[in-house]
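Text of work16.csv, listed as CSV, C-alpha atoms:
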```csv
chain,number,residue,atom,x,y,z
A,52,MET,CA,100.5,74.2,99.9
A,53,ALA,CA,98.2,74.7,102.9
A,54,ALA,CA,96.3,77.4,101.0
A,55,ASP,CA,95.8,75.0,98.0
A,56,LEU,CA,94.5,72.3,100.4
A,57,THR,CA,92.1,74.7,102.0
A,58,SER,CA,90.8,75.9,98.7
A,59,VAL,CA,89.5,72.4,97.8
A,60,THR,CA,88.3,71.4,101.3
A,61,LEU,CA,87.3,74.3,103.5
A,62,ARG,CA,86.2,76.8,100.9
A,63,PRO,CA,83.4,74.7,99.3
A,64,LEU,CA,82.1,73.9,102.8
A,65,THR,CA,82.1,77.5,104.0
A,66,LEU,CA,80.4,78.7,100.9
A,67,ALA,CA,77.6,76.1,101.4
A,68,ILE,CA,76.9,77.0,105.0
A,69,PRO,CA,73.8,79.3,105.4
A,70,MET,CA,74.2,82.4,107.5
A,71,ASN,CA,71.3,81.6,109.8
A,72,ARG,CA,71.1,80.4,113.4
A,73,HIS,CA,71.9,76.8,112.5
A,74,GLY,CA,74.7,77.7,110.1
A,75,ILE,CA,76.3,79.9,112.7
A,76,ARG,CA,76.2,77.1,115.3
A,77,PHE,CA,77.7,74.7,112.8
A,78,THR,CA,80.4,77.1,111.8
A,79,ARG,CA,81.4,77.8,115.4
A,80,GLY,CA,81.9,74.1,116.0
A,81,LEU,CA,83.8,73.6,112.7
A,82,VAL,CA,86.2,76.5,113.4
A,83,ALA,CA,86.8,75.4,117.0
A,84,THR,CA,87.7,71.9,115.8
A,85,CYS,CA,90.1,73.2,113.1
A,86,MET,CA,91.8,75.6,115.5
A,87,ALA,CA,92.2,72.9,118.2
A,88,ALA,CA,93.6,70.4,115.6
A,89,PHE,CA,96.0,72.8,113.7
A,90,GLY,CA,96.8,75.4,116.4
A,91,PRO,CA,96.5,73.8,119.9
A,92,PRO,CA,97.5,75.7,123.1
A,93,VAL,CA,101.0,75.5,124.4
A,94,ARG,CA,101.1,72.7,126.9
A,95,GLY,CA,101.3,73.7,130.6
A,96,SER,CA,99.9,77.2,129.9
A,97,ARG,CA,97.9,78.8,132.7
A,98,ILE,CA,94.4,80.0,131.8
A,99,VAL,CA,92.5,82.2,134.3
A,100,ARG,CA,89.0,83.3,133.4
A,101,VAL,CA,87.9,86.7,134.6
A,102,THR,CA,84.4,86.3,135.9
A,103,ARG,CA,84.0,88.7,138.7
A,104,PRO,CA,82.7,92.2,138.2
A,105,ALA,CA,85.3,94.9,138.3
A,106,GLU,CA,85.5,96.9,141.6
A,107,THR,CA,85.4,100.1,139.6
A,108,GLY,CA,84.5,100.9,136.0
A,109,PRO,CA,83.3,98.4,133.3
A,110,THR,CA,83.3,94.7,133.8
A,111,PRO,CA,85.9,92.9,131.6
A,112,ARG,CA,85.1,89.8,129.7
A,113,GLY,CA,87.9,87.3,128.9
A,114,GLU,CA,90.8,85.3,130.3
A,115,TRP,CA,94.4,85.7,131.3
A,116,VAL,CA,96.8,83.5,129.4
A,117,ARG,CA,100.3,82.8,130.5
A,118,ALA,CA,102.6,80.2,128.8
A,119,PRO,CA,105.2,78.3,130.7
A,120,GLY,CA,108.3,80.5,131.2
A,121,ALA,CA,106.4,83.7,130.4
A,122,ASP,CA,107.4,85.4,133.7
A,123,ARG,CA,107.6,89.0,132.6
A,124,ASP,CA,105.2,91.5,134.3
A,125,ASP,CA,106.5,94.7,132.9
A,126,ALA,CA,103.9,94.8,130.2
A,127,VAL,CA,100.7,93.0,129.0
A,128,VAL,CA,99.1,92.1,125.6
A,129,LEU,CA,95.4,92.7,125.1
A,130,TYR,CA,94.4,90.2,122.4
A,131,ILE,CA,91.2,90.5,120.4
A,132,HIS,CA,90.1,87.4,118.5
A,133,GLY,CA,88.5,87.5,115.0
A,134,SER,CA,86.1,85.5,112.9
A,135,GLY,CA,83.5,87.9,111.7
A,136,TYR,CA,82.2,89.2,115.0
A,137,ALA,CA,80.1,86.0,115.3
A,138,ILE,CA,82.1,82.8,115.4
A,139,CYS,CA,85.2,82.5,117.7
A,140,SER,CA,86.1,83.2,121.3
A,141,ALA,CA,89.0,83.5,123.7
A,142,ARG,CA,88.9,79.7,124.0
A,143,THR,CA,89.2,79.0,120.3
A,144,HIS,CA,92.2,81.3,120.1
A,145,ARG,CA,94.2,79.8,123.0
A,146,GLY,CA,96.7,78.4,120.5
A,147,ILE,CA,97.8,81.8,119.2
A,148,THR,CA,97.5,83.6,122.6
A,149,THR,CA,99.6,81.0,124.4
A,150,ARG,CA,102.2,81.0,121.7
A,151,LEU,CA,102.2,84.8,121.7
A,152,SER,CA,102.7,84.7,125.5
A,153,ALA,CA,105.5,82.1,125.0
A,154,ARG,CA,107.3,84.2,122.4
A,155,THR,CA,107.0,87.5,124.2
A,156,GLY,CA,107.3,86.2,127.8
A,157,LEU,CA,104.2,88.4,128.6
A,158,PRO,CA,100.8,87.7,130.1
A,159,VAL,CA,98.0,88.0,127.5
A,160,PHE,CA,94.5,89.1,128.3
A,161,SER,CA,92.3,87.6,125.7
A,162,CYS,CA,89.0,89.6,125.3
A,163,ASP,CA,85.8,87.6,125.1
A,164,TYR,CA,83.5,90.1,123.5
A,165,ARG,CA,79.8,89.4,122.9
A,166,LEU,CA,79.0,87.8,119.6
A,167,ALA,CA,76.6,88.6,116.8
A,168,PRO,CA,73.9,88.0,115.9
A,169,SER,CA,72.7,88.1,119.5
A,170,HIS,CA,74.7,91.2,120.1
A,171,ARG,CA,75.1,93.8,117.4
A,172,PHE,CA,77.2,96.9,116.7
A,173,PRO,CA,78.8,98.3,118.8
A,174,SER,CA,78.7,95.7,121.5
A,175,ALA,CA,82.0,94.1,120.5
A,176,ALA,CA,83.8,97.4,120.4
A,177,ASP,CA,82.3,98.4,123.8
A,178,ASP,CA,83.5,95.1,125.3
A,179,VAL,CA,87.0,95.7,123.9
A,180,ARG,CA,87.1,99.2,125.4
A,181,ALA,CA,85.9,97.8,128.7
A,182,ALA,CA,88.7,95.3,128.7
A,183,TYR,CA,91.3,98.0,128.0
A,184,ASP,CA,89.9,100.4,130.6
A,185,TRP,CA,89.9,97.5,133.1
A,186,LEU,CA,93.6,96.9,132.4
A,187,ILE,CA,94.3,100.6,133.0
A,188,GLY,CA,92.3,100.4,136.3
A,189,GLU,CA,94.3,97.4,137.3
A,190,GLY,CA,97.5,99.5,137.2
A,191,HIS,CA,98.8,98.8,133.7
A,192,ALA,CA,100.2,101.9,132.1
A,193,PRO,CA,98.9,102.5,128.5
A,194,GLU,CA,102.5,102.7,127.2
A,195,ARG,CA,103.0,99.1,128.6
A,196,ILE,CA,99.9,97.6,126.9
A,197,VAL,CA,100.2,96.0,123.5
A,198,LEU,CA,97.1,95.7,121.3
A,199,ALA,CA,96.9,92.6,119.1
A,200,GLY,CA,94.1,91.0,117.1
A,201,ASP,CA,93.3,89.0,114.0
A,202,SER,CA,90.7,89.5,111.3
A,203,ALA,CA,87.7,91.3,112.8
A,204,GLY,CA,89.7,91.5,116.0
A,205,GLY,CA,92.3,93.5,114.1
A,206,HIS,CA,89.5,95.9,113.1
A,207,LEU,CA,88.5,96.2,116.7
A,208,ALA,CA,92.1,96.8,117.8
A,209,VAL,CA,92.5,99.6,115.3
A,210,ASP,CA,89.1,101.1,116.2
A,211,LEU,CA,90.2,101.2,119.9
A,212,ALA,CA,93.5,102.8,119.1
A,213,LEU,CA,91.8,105.5,117.0
A,214,GLU,CA,89.2,106.1,119.7
A,215,LEU,CA,92.1,106.7,122.2
A,216,VAL,CA,93.7,109.1,119.7
A,217,ARG,CA,90.5,111.0,119.3
A,218,GLU,CA,90.1,111.3,123.1
A,219,GLY,CA,93.7,112.6,123.5
A,220,ARG,CA,94.6,109.6,125.6
A,221,THR,CA,98.1,108.1,125.8
A,222,SER,CA,98.5,105.5,123.1
A,223,PRO,CA,99.3,101.9,123.8
A,224,ALA,CA,102.9,100.8,123.2
A,225,ALA,CA,102.2,99.0,119.9
A,226,LEU,CA,99.6,97.3,117.8
A,227,VAL,CA,99.9,94.0,116.0
A,228,ALA,CA,97.3,93.0,113.4
A,229,PHE,CA,97.0,89.6,111.7
A,230,SER,CA,95.0,89.8,108.5
A,231,PRO,CA,92.9,92.7,109.8
A,232,VAL,CA,89.6,93.8,108.3
A,233,LEU,CA,89.6,97.5,107.5
A,234,ASP,CA,86.6,97.9,105.2
A,235,LEU,CA,83.4,96.3,106.7
A,236,SER,CA,81.6,96.5,103.3
A,237,MET,CA,84.2,94.1,102.0
A,238,SER,CA,84.6,96.1,98.8
A,239,LEU,CA,88.4,96.0,99.0
A,240,ALA,CA,88.3,92.3,99.5
A,241,ALA,CA,85.9,91.9,96.6
A,242,ALA,CA,88.2,93.8,94.3
A,243,ARG,CA,91.1,91.6,95.4
A,244,GLU,CA,89.0,88.5,95.0
A,245,ARG,CA,88.4,89.3,91.3
A,246,MET,CA,92.1,88.8,90.7
A,247,ARG,CA,92.3,85.5,92.6
A,248,PRO,CA,89.8,83.6,94.8
A,249,ASP,CA,90.4,83.5,98.5
A,250,PRO,CA,91.3,79.9,99.7
A,251,MET,CA,88.9,80.0,102.6
A,252,THR,CA,85.7,81.9,101.6
A,253,SER,CA,84.3,84.6,99.4
A,254,SER,CA,83.9,88.3,100.0
A,255,ALA,CA,80.1,88.0,99.6
A,256,LYS,CA,80.0,85.3,102.3
A,257,ALA,CA,82.2,87.4,104.6
A,258,ALA,CA,80.0,90.5,104.0
A,259,ARG,CA,76.9,88.5,105.0
A,260,LEU,CA,78.7,87.3,108.2
A,261,VAL,CA,79.9,90.8,109.1
A,262,ASP,CA,76.4,92.2,108.4
A,263,LEU,CA,75.1,90.1,111.3
A,264,TYR,CA,77.0,92.6,113.4
A,265,VAL,CA,76.7,95.9,111.6
A,266,ALA,CA,73.4,95.7,109.7
A,267,GLY,CA,71.4,98.9,109.9
A,268,GLU,CA,74.4,100.9,111.2
A,269,SER,CA,75.7,102.2,107.8
A,270,ARG,CA,75.9,105.8,109.2
A,271,ALA,CA,77.4,105.0,112.5
A,272,PRO,CA,80.6,107.1,113.0
A,273,ARG,CA,82.8,104.2,114.0
A,274,ARG,CA,81.5,101.8,111.3
A,275,ARG,CA,84.0,103.3,108.9
A,276,LEU,CA,87.5,103.9,110.3
A,277,THR,CA,88.9,107.3,109.7
A,278,PHE,CA,92.6,108.2,110.3
A,279,ASP,CA,92.4,112.0,110.6
A,280,GLY,CA,94.9,113.1,113.3
A,281,ALA,CA,96.2,109.6,113.7
A,282,ASP,CA,99.9,110.7,113.8
A,283,ARG,CA,99.8,109.6,117.5
A,284,PHE,CA,98.6,106.1,116.5
A,285,PRO,CA,100.8,103.4,118.1
A,286,PRO,CA,103.6,101.8,116.1
A,287,THR,CA,101.9,99.0,114.1
A,288,LEU,CA,102.9,95.7,112.5
A,289,VAL,CA,100.4,94.3,110.0
A,290,GLN,CA,100.8,90.8,108.7
A,291,ALA,CA,98.6,89.2,105.9
A,292,GLY,CA,98.7,86.2,103.6
A,293,GLY,CA,99.5,86.8,100.0
A,294,ARG,CA,96.6,84.5,98.9
A,295,GLU,CA,93.9,86.0,101.0
A,296,MET,CA,91.4,88.6,99.9
A,297,LEU,CA,92.0,90.7,103.1
A,298,ALA,CA,95.6,91.4,101.9
A,299,ALA,CA,93.9,94.4,100.2
A,300,ASP,CA,92.7,95.6,103.6
A,301,ALA,CA,96.1,95.1,105.1
A,302,VAL,CA,97.8,97.2,102.4
A,303,GLU,CA,95.2,99.9,102.7
A,304,LEU,CA,95.6,100.0,106.5
A,305,ALA,CA,99.3,100.5,106.1
A,306,ARG,CA,98.8,103.2,103.5
A,307,CYS,CA,96.3,105.1,105.8
A,308,LEU,CA,98.7,105.0,108.8
A,309,ASP,CA,101.6,106.1,106.6
A,310,SER,CA,99.6,109.0,105.2
A,311,ALA,CA,98.6,110.0,108.7
A,312,GLY,CA,102.2,110.2,109.8
A,313,SER,CA,102.2,107.1,111.9
A,314,ARG,CA,104.7,104.2,111.7
A,315,CYS,CA,103.5,100.9,110.2
A,316,GLU,CA,105.4,97.9,109.1
A,317,LEU,CA,103.6,95.7,106.5
A,318,GLU,CA,104.4,92.1,105.8
A,319,VAL,CA,102.5,90.2,103.1
A,320,TRP,CA,103.6,86.6,103.3
A,321,PRO,CA,103.6,85.0,99.8
A,322,GLY,CA,101.3,82.0,99.3
A,323,GLN,CA,99.7,82.3,102.7
A,324,MET,CA,96.1,82.3,103.7
A,325,HIS,CA,93.9,84.2,106.3
A,326,VAL,CA,95.4,84.3,109.8
A,327,PHE,CA,97.9,81.5,109.0
A,328,GLN,CA,99.8,82.4,112.2
A,329,ALA,CA,97.1,80.5,114.2
A,330,LEU,CA,97.7,77.2,112.4
A,331,PRO,CA,101.3,76.1,113.0
A,332,ARG,CA,100.5,72.4,112.5
A,333,LEU,CA,99.2,73.2,109.0
A,334,VAL,CA,101.4,76.1,108.0
A,335,PRO,CA,105.2,75.9,108.7
A,336,GLU,CA,105.6,79.6,108.4
A,337,ALA,CA,103.2,80.3,111.2
A,338,ASP,CA,105.8,80.1,113.9
A,339,ARG,CA,108.2,82.3,112.0
A,340,ALA,CA,105.6,85.0,111.5
A,341,LEU,CA,104.7,84.9,115.2
A,342,ALA,CA,108.3,85.2,116.1
A,343,ARG,CA,108.6,88.3,114.0
A,344,ALA,CA,105.5,89.7,115.7
A,345,ALA,CA,107.0,89.0,119.1
A,346,ALA,CA,110.3,90.6,118.1
A,347,PHE,CA,108.4,93.7,117.0
A,348,VAL,CA,106.6,93.8,120.4
A,349,ASP,CA,109.9,93.4,122.3
A,350,ALA,CA,111.5,96.2,120.3
A,351,GLU,CA,108.7,98.6,120.8
A,352,LEU,CA,108.5,97.9,124.5
A,353,GLU,CA,112.2,98.4,124.8
A,354,ALA,CA,112.1,101.7,122.9
A,355,GLN,CA,109.2,102.9,125.1
A,356,GLY,CA,111.1,102.0,128.2
A,357,ARG,CA,114.1,104.1,127.0
A,358,ARG,CA,111.8,107.0,126.3
A,359,SER,CA,110.2,106.8,129.7
A,360,ALA,CA,113.7,106.6,131.4
A,361,LEU,CA,114.8,109.7,129.4
A,362,THR,CA,111.7,111.6,130.5
A,363,LEU,CA,112.4,110.8,134.1
A,364,VAL,CA,116.0,112.0,133.8
A,365,LYS,CA,114.8,115.3,132.2
A,366,GLU,CA,112.3,115.8,135.0
A,367,ALA,CA,114.8,115.1,137.8
```
What does this structure look like when you write it as structure tokens?
Amino acid sequence: MAADLTSVTLRPLTLAIPMNRHGIRFTRGLVATCMAAFGPPVRGSRIVRVTRPAETGPTPRGEWVRAPGADRDDAVVLYIHGSGYAICSARTHRGITTRLSARTGLPVFSCDYRLAPSHRFPSAADDVRAAYDWLIGEGHAPERIVLAGDSAGGHLAVDLALELVREGRTSPAALVAFSPVLDLSMSLAAARERMRPDPMTSSAKAARLVDLYVAGESRAPRRRLTFDGADRFPPTLVQAGGREMLAADAVELARCLDSAGSRCELEVWPGQMHVFQALPRLVPEADRALARAAAFVDAELEAQGRRSALTLVKEA
């Protein structure tokens, strides 16, 4: 029902908005209003902006989020927001980050990467890596860090995990991707769209938005994700809506990880739209999907804890 409503209200509006400076400004305000109305933060959550330069290493950009009762300190979530590399922020996503904190009991660091068109490829990826390296520098072990992201943020989370694999670094504990972008050319989305229009926007419109970030970088190595040697990729949960065009990207991501020998759980929720998990007041299934994501995180952290304990016993 929410997808049907969106298709006759939001989709015509998004298709009409020009992808110029004024259109981007308008879209940022529109999305922020929708997110606040249909996915507000958990009341009583504590938000702490990170504004000081790091003592060593790169300077992080973002905020710590902790919901009431989220008193675990044995692990952290690094959350990477989406919306085409150009629209949203850690602030717009406080609804989903506070709810993720509430569900997992964990603190969430929400990365506030620089946005296009003022900052182009690979500035967002660099900021995400800076946030991850800062967490490591703050004493968080990689096997106790969970990566999570939606849409373009899902792409950035996967990109970071692949970069760590290529460098031979210890992988994070797990990765959760909500409606992730895999193919920045939007060709997978376009093929899916020919079967059924997306309730929110079109693949052509999404491609123009993404192009504000990646234009002129068609040959950049990290523009196209490759999964060679990704058998050490962290255990991954991918959720997508059955009505969205990026369901094709979600299915392809799961296929790539499976082919590489990594473990990936794919959930395509029938009738749902793009990043429906962020809109609990509009989509009743949002909370159930987020609960499943939290259960996945809990299970992977528990399994990682058992593996670490076993290693200590063997070394003793």
query: Counting all atoms listed in the file, which of A:Ala225, A:Ala118, A:Val216, A:Ala257 gets nearest to Pro69 of chain A?
result: A:Ala257
At a cut-off of 9 Å around the point (90.7, 75.2, 92.4) (file coordinates), what residues fall inside when counting all atoms listed in the file? I'd like the answer as a short mmCIF file (atom, residue, chain, number, x, y, z; two decimals) with C-alpha atoms, keeping the file's coordinate frame.
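Writing done, so here's out_6.cif:
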```cif
data_model
loop_
_atom_site.label_atom_id
_atom_site.label_comp_id
_atom_site.auth_asym_id
_atom_site.auth_seq_id
_atom_site.Cartn_x
_atom_site.Cartn_y
_atom_site.Cartn_z
CA ASP A 55 95.80 75.00 98.00
CA SER A 58 90.80 75.90 98.70
CA VAL A 59 89.50 72.40 97.80
CA PRO A 248 89.80 83.60 94.80
CA PRO A 250 91.30 79.90 99.70
#
```
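When the distance limit is 6 Å and all atoms listed in the file are what count, the residues near segment 137-150 of chain A, minus those fewer than 3 positions from it on the same chain, are Arg79, Ala83, Gly90, Pro91, Pro92, Val93, Ala118, Ser134, Ala153, Ser161, Asp163, Leu166, Ala167 and Ala329 of chain A.
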statement: As a check of understanding: the span from atom CA of Met246 of chain A to atom CA of Leu276 of chain A is 25.2 Å
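Each of A:Gly190, A:Phe284, A:Thr252, A:Ala208 was compared to Ile68 of chain A using only C-alpha atoms, and A:Thr252 turns out to be the nearest.
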All residues 10 Å or closer to Ala182 of chain A, only C-alpha atoms, same chain fewer than 4 positions away omitted, as a list of chain:residue names: A:Pro109, A:Thr110, A:Pro111, A:Arg112, A:Gly113, A:Leu129, A:Tyr130, A:Ile131, A:Phe160, A:Ser161, A:Cys162, A:Asp163, A:Tyr164, A:Ala176, A:Asp177, A:Asp178, A:Leu186, A:Ile187, A:Gly188
Put those residues in a file: C-alpha atoms, as a PDB file, in the frame of the given file.
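Ended up saving to part_24.pdb:
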```
ATOM      1  CA  PRO A 109      83.300  98.400 133.300  1.00  0.00           C
ATOM      2  CA  THR A 110      83.300  94.700 133.800  1.00  0.00           C
ATOM      3  CA  PRO A 111      85.900  92.900 131.600  1.00  0.00           C
ATOM      4  CA  ARG A 112      85.100  89.800 129.700  1.00  0.00           C
ATOM      5  CA  GLY A 113      87.900  87.300 128.900  1.00  0.00           C
ATOM      6  CA  LEU A 129      95.400  92.700 125.100  1.00  0.00           C
ATOM      7  CA  TYR A 130      94.400  90.200 122.400  1.00  0.00           C
ATOM      8  CA  ILE A 131      91.200  90.500 120.400  1.00  0.00           C
ATOM      9  CA  PHE A 160      94.500  89.100 128.300  1.00  0.00           C
ATOM     10  CA  SER A 161      92.300  87.600 125.700  1.00  0.00           C
ATOM     11  CA  CYS A 162      89.000  89.600 125.300  1.00  0.00           C
ATOM     12  CA  ASP A 163      85.800  87.600 125.100  1.00  0.00           C
ATOM     13  CA  TYR A 164      83.500  90.100 123.500  1.00  0.00           C
ATOM     14  CA  ALA A 176      83.800  97.400 120.400  1.00  0.00           C
ATOM     15  CA  ASP A 177      82.300  98.400 123.800  1.00  0.00           C
ATOM     16  CA  ASP A 178      83.500  95.100 125.300  1.00  0.00           C
ATOM     17  CA  LEU A 186      93.600  96.900 132.400  1.00  0.00           C
ATOM     18  CA  ILE A 187      94.300 100.600 133.000  1.00  0.00           C
ATOM     19  CA  GLY A 188      92.300 100.400 136.300  1.00  0.00           C
TER      20      GLY A 188
END
```
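The gap separating atom CA of Ala203 of chain A from atom CA of Val265 of chain A is 12.0 Å, in Å to one decimal.
Remark: for Ala291 of chain A, the closest of the candidate residues A:Pro335, A:Gly205, A:Gly135, A:Gly267 is A:Gly205 (distances computed over only C-alpha atoms).
Minimum atom-to-atom distances from A:Glu194, A:Asp300, A:Glu318, A:Glu214 to Ser254 of chain A were compared using all atoms listed in the file, and the lowest value belongs to A:Asp300.
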message: If I take atom CA of Gly219 of chain A and atom CA of Arg306 of chain A, how far is one from the other in Å, to one decimal?
response: 22.7 Å
message: Please determine, counting all atoms listed in the file, which residue among A:Val101, A:Ala224, A:Val334, A:Met237 has the shortest atom-to-atom distance to Gly356 of chain A.
response: A:Ala224
query: Could you pull the residues within 12 Å of Ala192 of chain A, counting all atoms listed in the file, minus those fewer than 2 positions along the same chain, as a ChimeraX atom specification?
result: /A:124-128,183-190,194-197,220-224,352,355-356,359
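Nearest to Ala87 of chain A of all the residues A:Leu56, A:Leu333, A:Met70, A:Val289 is A:Leu333, counting all atoms listed in the file.
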Distance query segment 229-236 of chain A at most 7 Å, only C-alpha atoms, self and fewer than 2 positions along chain excluded, as a list in words: Gly200, Asp201, Ser202, Ala203, Gly205, His206, Val227, Ser238, Leu239, Ala258, Val261, Val289, Gln290, Ala291, Leu297, Ala298, Asp300, Ala301, Leu304, His325 and Val326 of chain A
Non-local contacts of Arg343 of chain A (12 Å; all atoms listed in the file; under 5 positions in same chain excluded) as a PyMOL selection string: chain A and resi 151+154-155+227+229+288-290+316-318+320+328+336-338+348-350
